[in-house]
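S.K.: Sharing protein.tsv below, TSV, C-alpha atoms:
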```tsv
chain	number	residue	atom	x	y	z
A	140	MET	CA	-10.30	45.15	-134.30
A	141	ARG	CA	-7.23	42.99	-134.55
A	142	PRO	CA	-5.11	43.71	-137.67
A	143	GLU	CA	-5.06	39.98	-138.52
A	144	LEU	CA	-8.68	40.40	-139.62
A	145	ALA	CA	-7.13	41.43	-142.96
A	146	ARG	CA	-6.34	37.82	-143.89
A	147	PHE	CA	-10.05	36.92	-143.83
A	148	LEU	CA	-11.18	39.81	-146.05
A	149	ASP	CA	-11.62	39.74	-149.81
A	150	PRO	CA	-8.13	40.13	-151.35
A	151	LYS	CA	-9.59	42.40	-154.05
A	152	LEU	CA	-10.09	45.07	-151.37
A	153	GLY	CA	-6.34	45.39	-150.97
A	154	LEU	CA	-6.56	45.80	-147.20
A	155	GLY	CA	-3.34	45.15	-145.36
A	156	SER	CA	-0.92	46.61	-142.83
A	157	ASP	CA	0.47	49.11	-145.36
A	158	ASN	CA	-2.84	50.93	-145.74
A	159	LEU	CA	-3.97	50.67	-142.12
A	160	GLN	CA	-3.63	53.85	-140.09
A	161	THR	CA	-3.85	53.38	-136.33
A	162	PHE	CA	-4.94	56.39	-134.30
A	163	HIS	CA	-5.49	54.62	-130.99
A	164	ARG	CA	-4.94	51.09	-129.69
A	165	GLU	CA	-6.45	49.26	-126.76
A	166	GLY	CA	-4.50	46.10	-126.02
A	167	ASP	CA	-4.19	44.08	-129.23
A	168	HIS	CA	-7.13	45.92	-130.84
A	169	VAL	CA	-7.07	48.95	-133.10
A	170	ASP	CA	-9.69	50.99	-131.26
A	171	GLU	CA	-9.66	53.90	-133.68
A	172	GLY	CA	-8.13	54.06	-137.13
A	173	LEU	CA	-8.64	54.10	-140.86
A	174	TRP	CA	-8.34	51.41	-143.52
A	175	LEU	CA	-7.95	52.44	-147.14
A	176	SER	CA	-9.42	50.06	-149.74
A	177	ALA	CA	-7.77	49.52	-153.12
A	178	ASP	CA	-10.60	51.51	-154.74
A	179	GLY	CA	-9.78	54.51	-152.55
A	180	ARG	CA	-12.68	54.09	-150.13
A	181	TRP	CA	-12.05	55.12	-146.55
A	182	ASN	CA	-13.16	52.57	-143.98
A	183	PRO	CA	-13.16	54.16	-140.51
A	184	ILE	CA	-12.45	52.02	-137.45
A	185	ILE	CA	-14.42	53.38	-134.51
A	186	ARG	CA	-14.76	51.82	-131.03
A	187	GLY	CA	-12.90	48.77	-132.32
A	188	VAL	CA	-15.19	48.06	-135.28
A	189	PRO	CA	-14.23	48.68	-138.93
A	190	CYS	CA	-17.05	50.07	-141.07
A	191	PHE	CA	-17.46	48.67	-144.59
A	192	LEU	CA	-20.99	49.97	-145.13
A	193	PRO	CA	-21.94	51.33	-148.55
A	194	ILE	CA	-21.95	55.10	-148.64
A	195	ALA	CA	-25.75	55.42	-148.57
A	196	LEU	CA	-25.93	53.53	-145.25
A	197	ARG	CA	-22.97	55.06	-143.46
A	198	PRO	CA	-23.41	57.25	-140.40
A	199	ASP	CA	-22.07	60.78	-140.50
A	200	PHE	CA	-18.29	60.42	-140.16
A	201	SER	CA	-17.51	64.11	-140.66
A	202	GLU	CA	-16.52	64.64	-137.01
A	203	PHE	CA	-14.22	61.59	-137.17
A	204	PHE	CA	-12.58	62.90	-140.35
A	205	ARG	CA	-12.12	66.40	-138.90
A	206	LYS	CA	-10.71	65.00	-135.65
A	207	HIS	CA	-7.93	63.26	-137.55
A	208	GLY	CA	-7.38	66.00	-140.14
A	209	LEU	CA	-8.64	63.85	-142.99
A	210	GLY	CA	-11.16	66.13	-144.65
A	211	VAL	CA	-14.44	64.70	-145.92
A	212	PRO	CA	-14.20	62.34	-148.93
A	213	LYS	CA	-16.41	63.23	-151.88
A	214	GLN	CA	-18.10	59.84	-152.00
A	215	ASP	CA	-19.82	60.55	-148.67
A	216	ASP	CA	-22.10	62.98	-150.54
A	217	ALA	CA	-23.77	60.15	-152.52
A	218	ALA	CA	-27.55	60.24	-152.77
A	219	ILE	CA	-29.55	57.70	-150.75
A	220	LYS	CA	-31.64	55.33	-152.85
A	221	ALA	CA	-35.21	54.53	-151.82
A	222	GLU	CA	-34.41	50.98	-150.69
A	223	SER	CA	-31.36	52.23	-148.78
A	224	GLU	CA	-33.62	54.70	-147.00
A	225	GLN	CA	-35.91	51.87	-145.86
A	226	GLN	CA	-32.90	49.84	-144.74
A	227	ALA	CA	-31.54	52.85	-142.86
A	228	LYS	CA	-34.87	53.25	-141.04
A	229	THR	CA	-34.82	49.54	-140.15
A	230	ASN	CA	-31.28	49.93	-138.82
A	231	VAL	CA	-32.55	52.51	-136.32
A	232	THR	CA	-34.69	49.80	-134.71
A	233	PHE	CA	-31.81	47.43	-134.15
A	234	SER	CA	-29.24	50.06	-133.23
A	235	ASP	CA	-31.56	51.20	-130.46
A	236	LYS	CA	-32.54	47.68	-129.39
A	237	TRP	CA	-29.00	46.35	-129.03
A	238	SER	CA	-27.66	49.45	-127.33
A	239	LYS	CA	-30.30	48.90	-124.61
A	240	PHE	CA	-30.20	45.09	-124.33
A	241	ARG	CA	-26.48	44.41	-124.35
A	242	ASN	CA	-26.75	41.36	-122.10
A	243	TYR	CA	-29.54	39.62	-124.00
A	244	GLY	CA	-28.69	35.94	-124.32
A	245	LEU	CA	-25.71	36.23	-121.97
A	246	GLU	CA	-27.64	35.64	-118.75
A	247	PRO	CA	-28.07	32.00	-117.63
A	248	GLY	CA	-31.87	32.22	-117.66
A	249	HIS	CA	-31.81	33.46	-121.25
A	250	GLN	CA	-29.33	30.86	-122.45
A	251	GLU	CA	-31.33	27.79	-121.49
A	252	PHE	CA	-34.29	29.02	-123.53
A	253	LEU	CA	-32.32	30.43	-126.46
A	254	PHE	CA	-29.91	27.56	-127.01
A	255	ASP	CA	-32.69	25.03	-126.66
A	256	TRP	CA	-34.36	26.98	-129.45
A	257	TYR	CA	-31.18	26.83	-131.54
A	258	CYS	CA	-31.17	23.05	-131.12
A	259	LYS	CA	-34.71	22.91	-132.50
A	260	LYS	CA	-33.87	25.24	-135.38
A	261	LEU	CA	-30.85	23.17	-136.39
A	262	GLY	CA	-32.57	19.84	-135.79
A	263	LEU	CA	-30.24	18.83	-132.94
A	264	PRO	CA	-31.22	16.85	-129.82
A	265	SER	CA	-29.20	18.65	-127.11
A	266	ILE	CA	-26.86	21.50	-126.18
A	267	GLU	CA	-23.93	19.10	-126.34
A	268	ALA	CA	-24.95	18.16	-129.88
A	269	LEU	CA	-25.04	21.89	-130.68
A	270	LYS	CA	-21.48	22.30	-129.41
A	271	ASN	CA	-20.39	19.29	-131.46
A	272	PHE	CA	-22.04	20.83	-134.52
A	273	TYR	CA	-19.73	23.84	-134.25
A	274	ARG	CA	-16.59	21.82	-133.54
A	275	GLY	CA	-14.53	21.24	-136.64
A	276	LYS	CA	-15.88	24.29	-138.47
A	277	LYS	CA	-12.74	26.30	-139.11
A	278	LEU	CA	-14.41	29.46	-140.37
A	279	ILE	CA	-17.92	30.69	-139.44
A	280	LEU	CA	-19.80	33.77	-140.60
A	281	GLU	CA	-22.69	35.13	-138.53
A	282	CYS	CA	-24.87	37.93	-139.88
A	283	GLY	CA	-27.03	39.96	-137.51
A	284	PRO	CA	-25.52	38.88	-134.17
A	285	GLY	CA	-27.47	41.35	-132.00
A	286	SER	CA	-25.81	41.22	-128.58
A	287	GLY	CA	-23.26	38.69	-129.82
A	288	PHE	CA	-24.41	35.92	-127.48
A	289	ASN	CA	-24.41	33.30	-130.24
A	290	THR	CA	-21.18	34.64	-131.74
A	291	ARG	CA	-19.56	34.08	-128.36
A	292	PHE	CA	-21.08	30.62	-127.96
A	293	MET	CA	-19.75	29.50	-131.35
A	294	ALA	CA	-16.30	30.99	-130.75
A	295	GLU	CA	-16.02	29.44	-127.28
A	296	ASN	CA	-17.33	26.01	-128.22
A	297	GLY	CA	-16.30	25.58	-131.84
A	298	GLY	CA	-12.64	26.47	-131.72
A	299	GLY	CA	-12.63	27.95	-135.24
A	300	THR	CA	-12.64	31.59	-136.28
A	301	VAL	CA	-15.95	33.47	-136.19
A	302	ILE	CA	-16.55	36.59	-138.29
A	303	SER	CA	-19.57	38.50	-137.03
A	304	VAL	CA	-21.26	41.11	-139.23
A	305	ASP	CA	-24.01	43.60	-138.45
A	306	ILE	CA	-25.34	46.50	-140.49
A	307	SER	CA	-26.50	48.42	-137.40
A	308	GLU	CA	-24.76	49.67	-134.26
A	309	ALA	CA	-25.33	46.20	-132.82
A	310	ALA	CA	-21.83	45.58	-134.19
A	311	PHE	CA	-20.45	47.64	-131.28
A	312	THR	CA	-22.44	45.61	-128.74
A	313	THR	CA	-21.21	42.34	-130.25
A	314	PHE	CA	-17.64	43.62	-130.24
A	315	GLY	CA	-17.92	44.62	-126.58
A	316	ASN	CA	-19.15	41.14	-125.66
A	317	THR	CA	-16.58	39.21	-127.72
A	318	LYS	CA	-13.41	41.31	-127.93
A	319	HIS	CA	-11.71	39.11	-125.33
A	320	LEU	CA	-11.93	36.12	-127.70
A	321	PRO	CA	-8.87	35.83	-129.98
A	322	ASN	CA	-10.81	33.78	-132.57
A	323	CYS	CA	-13.58	36.34	-133.04
A	324	HIS	CA	-13.76	39.38	-135.35
A	325	VAL	CA	-16.58	41.91	-135.75
A	326	ILE	CA	-17.25	44.22	-138.69
A	327	GLN	CA	-20.04	46.60	-139.69
A	328	ALA	CA	-21.24	45.87	-143.21
A	329	ASP	CA	-24.27	45.23	-145.41
A	330	LEU	CA	-24.70	41.49	-145.97
A	331	ASN	CA	-25.42	42.22	-149.64
A	332	GLU	CA	-22.02	43.91	-150.00
A	333	LEU	CA	-19.78	41.93	-147.68
A	334	PRO	CA	-16.01	42.54	-147.84
A	335	LEU	CA	-15.51	38.78	-147.63
A	336	PRO	CA	-14.51	36.30	-150.36
A	337	ASP	CA	-17.01	33.89	-151.90
A	338	ASN	CA	-16.85	30.10	-151.36
A	339	THR	CA	-14.95	30.47	-148.08
A	340	PHE	CA	-16.99	29.70	-144.97
A	341	ASP	CA	-17.64	26.27	-143.45
A	342	PHE	CA	-20.83	27.60	-141.89
A	343	VAL	CA	-22.90	30.74	-142.43
A	344	ILE	CA	-25.73	31.61	-140.04
A	345	ALA	CA	-28.36	34.35	-140.32
A	346	ASP	CA	-30.96	33.87	-137.61
A	347	GLY	CA	-33.94	36.21	-137.91
A	348	VAL	CA	-32.09	38.69	-140.10
A	349	LEU	CA	-32.72	38.28	-143.82
A	350	HIS	CA	-36.37	39.36	-143.72
A	351	HIS	CA	-35.19	42.77	-142.46
A	352	THR	CA	-33.44	43.54	-145.77
A	353	PRO	CA	-34.94	45.07	-148.95
A	354	SER	CA	-35.14	41.57	-150.51
A	355	THR	CA	-35.02	38.36	-148.47
A	356	ARG	CA	-34.32	36.31	-151.58
A	357	GLN	CA	-31.40	38.53	-152.59
A	358	ALA	CA	-30.00	38.28	-149.06
A	359	VAL	CA	-30.18	34.46	-149.17
A	360	GLU	CA	-28.35	34.46	-152.50
A	361	SER	CA	-25.68	36.87	-151.22
A	362	LEU	CA	-24.86	34.76	-148.17
A	363	TYR	CA	-25.04	31.46	-150.05
A	364	ARG	CA	-22.18	32.70	-152.23
A	365	LYS	CA	-19.99	32.96	-149.14
A	366	VAL	CA	-20.44	29.27	-148.22
A	367	LYS	CA	-17.66	27.01	-149.44
A	368	PRO	CA	-18.59	23.89	-151.44
A	369	GLY	CA	-19.66	21.24	-148.95
A	370	GLY	CA	-20.29	23.89	-146.29
A	371	GLN	CA	-23.57	24.62	-144.54
A	372	PHE	CA	-25.87	27.63	-144.38
A	373	PHE	CA	-28.60	28.21	-141.80
A	374	PHE	CA	-31.22	30.93	-142.00
A	375	TYR	CA	-34.45	31.64	-140.14
A	376	VAL	CA	-37.05	33.87	-141.79
A	377	TYR	CA	-40.54	34.92	-140.80
A	378	ARG	CA	-43.29	32.61	-141.98
A	379	ARG	CA	-46.35	34.02	-143.74
A	380	MET	CA	-48.94	33.82	-140.97
A	381	GLY	CA	-52.67	33.05	-141.12
A	382	ALA	CA	-55.12	35.71	-142.24
A	383	ALA	CA	-56.04	37.12	-138.81
A	384	ARG	CA	-52.47	37.26	-137.53
A	385	TYR	CA	-51.15	38.70	-140.82
A	386	PHE	CA	-53.79	41.45	-140.73
A	387	CYS	CA	-52.89	42.39	-137.15
A	388	ASP	CA	-49.16	42.34	-137.95
A	389	GLN	CA	-49.59	44.73	-140.84
A	390	HIS	CA	-52.16	46.91	-139.08
A	391	ILE	CA	-50.03	47.42	-135.97
A	392	ARG	CA	-46.75	47.81	-137.83
A	393	GLU	CA	-48.29	50.46	-140.09
A	394	THR	CA	-48.56	52.70	-137.00
A	395	PHE	CA	-45.78	51.47	-134.72
A	396	SER	CA	-43.02	51.53	-137.35
A	397	LYS	CA	-43.56	55.30	-137.73
A	398	LEU	CA	-42.92	55.94	-134.03
A	399	ASP	CA	-39.51	56.75	-132.60
A	400	PRO	CA	-38.08	53.78	-130.65
A	401	GLU	CA	-39.00	55.08	-127.19
A	402	ALA	CA	-42.59	55.73	-128.23
A	403	CYS	CA	-42.83	52.27	-129.78
A	404	TYR	CA	-41.54	50.55	-126.61
A	405	LYS	CA	-44.28	52.41	-124.74
A	406	ALA	CA	-46.93	51.47	-127.30
A	407	CYS	CA	-45.96	47.78	-127.02
A	408	GLU	CA	-46.50	47.68	-123.27
A	409	GLY	CA	-50.22	46.84	-123.47
A	410	ILE	CA	-49.47	43.99	-125.88
A	411	THR	CA	-46.76	42.67	-123.58
A	412	GLU	CA	-49.05	42.89	-120.57
A	413	MET	CA	-51.71	40.92	-122.43
A	414	GLY	CA	-49.15	38.22	-123.18
A	415	ARG	CA	-48.14	38.09	-119.53
A	416	GLU	CA	-51.68	37.89	-118.20
A	417	LEU	CA	-52.72	35.24	-120.72
A	418	SER	CA	-49.66	33.19	-119.73
A	419	LYS	CA	-50.67	33.37	-116.07
A	420	LEU	CA	-53.92	31.61	-116.91
A	421	LYS	CA	-52.08	28.43	-117.95
A	422	ALA	CA	-55.27	27.54	-119.77
A	423	GLN	CA	-55.67	25.18	-122.69
A	424	VAL	CA	-58.29	24.52	-125.32
A	425	THR	CA	-58.62	21.44	-127.49
A	426	LEU	CA	-59.84	21.82	-131.05
A	427	GLU	CA	-61.02	18.59	-132.64
A	428	LYS	CA	-61.15	20.21	-136.05
A	429	PRO	CA	-58.62	22.52	-137.70
A	430	ILE	CA	-59.48	25.98	-139.02
A	431	PRO	CA	-57.50	26.04	-142.29
A	432	ILE	CA	-58.68	29.49	-143.35
A	433	LEU	CA	-56.92	30.93	-140.25
A	434	GLY	CA	-54.04	28.47	-140.35
A	435	ILE	CA	-55.02	26.92	-136.99
A	436	PRO	CA	-54.37	23.17	-136.67
A	437	ALA	CA	-56.45	20.75	-134.63
A	438	GLY	CA	-55.09	19.74	-131.24
A	439	THR	CA	-54.54	21.10	-127.75
A	440	HIS	CA	-53.38	24.71	-127.60
A	441	ASP	CA	-52.17	26.87	-124.74
A	442	VAL	CA	-54.49	29.88	-124.86
A	443	GLN	CA	-51.69	32.45	-124.84
A	444	ARG	CA	-49.89	30.61	-127.64
A	445	LEU	CA	-53.11	30.24	-129.62
A	446	ILE	CA	-53.65	34.00	-129.60
A	447	TYR	CA	-49.92	34.68	-130.08
A	448	TYR	CA	-49.49	32.43	-133.11
A	449	TYR	CA	-52.79	33.00	-134.89
A	450	PHE	CA	-54.19	36.41	-133.90
A	451	VAL	CA	-51.72	38.93	-132.48
A	452	LYS	CA	-48.10	38.63	-131.41
A	453	CYS	CA	-48.19	39.17	-127.64
A	454	PHE	CA	-44.89	37.54	-126.66
A	455	TRP	CA	-44.25	36.51	-123.08
A	456	ASN	CA	-41.62	34.18	-121.64
A	457	ASP	CA	-41.12	33.73	-117.89
A	458	ALA	CA	-37.37	33.34	-118.47
A	459	PHE	CA	-37.18	37.06	-119.33
A	460	ASP	CA	-37.94	40.16	-117.31
A	461	TYR	CA	-40.72	42.53	-118.37
A	462	GLU	CA	-38.43	44.88	-120.32
A	463	THR	CA	-36.92	42.02	-122.32
A	464	ASN	CA	-40.35	40.60	-123.16
A	465	ASN	CA	-41.46	44.06	-124.25
A	466	MET	CA	-38.33	44.34	-126.40
A	467	VAL	CA	-39.27	41.13	-128.25
A	468	ASN	CA	-42.63	42.66	-129.16
A	469	PHE	CA	-40.89	45.93	-130.14
A	470	ASP	CA	-38.58	43.87	-132.35
A	471	TRP	CA	-41.61	42.53	-134.22
A	472	TYR	CA	-43.60	45.73	-134.69
A	473	HIS	CA	-41.06	48.54	-135.14
A	474	PRO	CA	-38.83	47.53	-138.10
A	475	HIS	CA	-39.76	49.14	-141.42
A	476	LEU	CA	-38.65	46.03	-143.32
A	477	ALA	CA	-40.12	42.74	-142.04
A	478	TRP	CA	-41.13	40.34	-144.81
A	479	GLN	CA	-43.02	37.07	-144.31
A	480	HIS	CA	-42.57	34.01	-146.54
A	481	SER	CA	-43.87	30.51	-147.23
A	482	GLU	CA	-41.89	27.27	-147.39
A	483	GLU	CA	-42.81	27.06	-151.08
A	484	GLU	CA	-41.13	30.42	-151.67
A	485	VAL	CA	-37.99	29.35	-149.84
A	486	GLU	CA	-37.87	26.04	-151.72
A	487	GLY	CA	-38.07	28.00	-154.97
A	488	TRP	CA	-35.06	30.11	-154.00
A	489	LEU	CA	-33.05	27.02	-153.09
A	490	LYS	CA	-33.98	25.25	-156.32
A	491	ASP	CA	-32.81	28.24	-158.34
A	492	LEU	CA	-29.51	28.18	-156.44
A	493	GLY	CA	-29.01	24.52	-157.32
A	494	VAL	CA	-29.34	23.33	-153.73
A	495	LYS	CA	-30.16	19.63	-153.47
A	496	GLU	CA	-29.69	19.03	-149.74
A	497	TYR	CA	-31.72	21.05	-147.26
A	498	ALA	CA	-34.11	20.59	-144.34
A	499	PHE	CA	-36.83	22.63	-142.65
A	500	HIS	CA	-36.84	22.22	-138.88
A	501	PRO	CA	-40.17	23.20	-137.25
A	502	ALA	CA	-38.88	25.25	-134.31
A	503	ASN	CA	-42.07	27.31	-134.01
A	504	PRO	CA	-45.05	28.36	-136.16
A	505	ASN	CA	-43.74	31.91	-136.60
A	506	GLY	CA	-40.69	31.09	-138.69
A	507	ILE	CA	-39.03	28.88	-141.25
A	508	SER	CA	-35.75	27.34	-140.06
A	509	THR	CA	-33.70	26.16	-143.02
A	510	LEU	CA	-30.41	24.26	-142.98
A	511	VAL	CA	-28.69	23.96	-146.35
A	512	ARG	CA	-25.60	22.14	-147.56
A	513	LYS	CA	-23.85	23.57	-150.60
A	514	PRO	CA	-22.98	20.94	-153.21
A	515	GLU	CA	-19.35	19.93	-153.42
```
Written as structure tokens, how would this file's structure read?

M.R.:
Amino acid sequence: MRPELARFLDPKLGLGSDNLQTFHREGDHVDEGLWLSADGRWNPIIRGVPCFLPIALRPDFSEFFRKHGLGVPKQDDAAIKAESEQQAKTNVTFSDKWSKFRNYGLEPGHQEFLFDWYCKKLGLPSIEALKNFYRGKKLILECGPGSGFNTRFMAENGGGTVISVDISEAAFTTFGNTKHLPNCHVIQADLNELPLPDNTFDFVIADGVLHHTPSTRQAVESLYRKVKPGGQFFFYVYRRMGAARYFCDQHIRETFSKLDPEACYKACEGITEMGRELSKLKAQVTLEKPIPILGIPAGTHDVQRLIYYYFVKCFWNDAFDYETNNMVNFDWYHPHLAWQHSEEEVEGWLKDLGVKEYAFHPANPNGISTLVRKPE
């Protein structure tokens, strides 16, 4: 963490050089330290990442406090609310995932697929157009960066400052992959309680994140407040799938979400293998008539995609190795919180926020890609 992060934080927090204690530095980063908020809250800095999580979602910092002779603050004894408990369980999924897959999106084979997908989600024709989209945006907020591959892409190609926030230990992975970039900062925080001022960011992005919170709608509202007037906000949330696929999603998640991460990776292997073997067929079927009750449109369908989109998620992509493909299926079935929504729902949220300019970009049948501009 570079101390200049302070100038991007909410002034009401009272965070500055006077209340920053540095225990260890690594280059221009505070690798270990403590920041004291104006309200008396202790915000530990560990492995280069400052933690602004609410008390109910914080890890056990008692060893850190003892190490530095700080004692244990009383507020760390706060009771965990029911929704915080569900969020904490969901965080376990992503802490484990991003500690294992630190290079996801950073390998050339991954990037071609992933950034092509970003182009589709943002309604852009090419990678160059994607780079141009980020140029000129002075301040960007990304929530849920995972490995940090997109954080790095925006910082390297946009030129502005990127603040990257994750509620899980993915924050440490993102920091490790971006700490060499002077225009990039990483914090650990809950997107519903961000230590960042409202009406500030030129662009806010939350790709595949908001449906993993206690309330997707509340998360949309929380991040929309951070967008400055005239700025843009992109979010991708899970789409409510057809009846057969929705049943399988819920049926499998009911069991898999109760497993520890290692057991869930193992349980996903058969699903991943099915996706791989179906992909090898390279078979297609043409349906002259749609099947509305299952959400299946008429047209020509790849058999693996037909099963994947409308019956059971058995992800496979030849650009990834087996473990990475299996991780994508784990990502779908293990999280405790994983809501699905309709475009009508999302439109209702935007209407209530007073949004007049927005677009849905059909990147894939699994999700709703929404790009919003906040009124001036």

S.K.: At a cut-off of 7 Å, using all atoms listed in the file, what residues contact His475 in chain A? Leave out same-chain residues fewer than 5 positions from it and give the result as a list in words.

M.R.: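 Final neighbour list, sorted by chain and number: Gln225, Lys228, Thr229 and Ser396 of chain A.
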
S.K.: Find the residues near Arg197 in chain A: any atom within 10 Å, counting all atoms listed in the file, skip ones fewer than 6 places away on the same chain, and give them as a ChimeraX atom specification.

M.R.: /A:190-191,215,227,306-307,327-328

S.K.: Which neighbours of range 484-500 of chain A fall inside 10 Å, counting only C-alpha atoms, when residues of the same chain fewer than 5 positions from it are skipped, and could you give them as a PyMOL selection string?

M.R.: chain A and resi 258-263+355-357+359-360+363-364+371-373+375-376+506-514

S.K.: May I ask which of the residues A:Gly287, A:Ala195, A:Glu332, A:Ala422 is the closest one to Arg241 in chain A, counting only C-alpha atoms?

M.R.: A:Gly287

S.K.: Which residue, A:Val467, A:Met380, A:Ile430, A:Ala406, has the smallest gap to Asn505 in chain A when you use all atoms listed in the file?

M.R.: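 For Asn505 in chain A, the nearest of the given residues is A:Met380.
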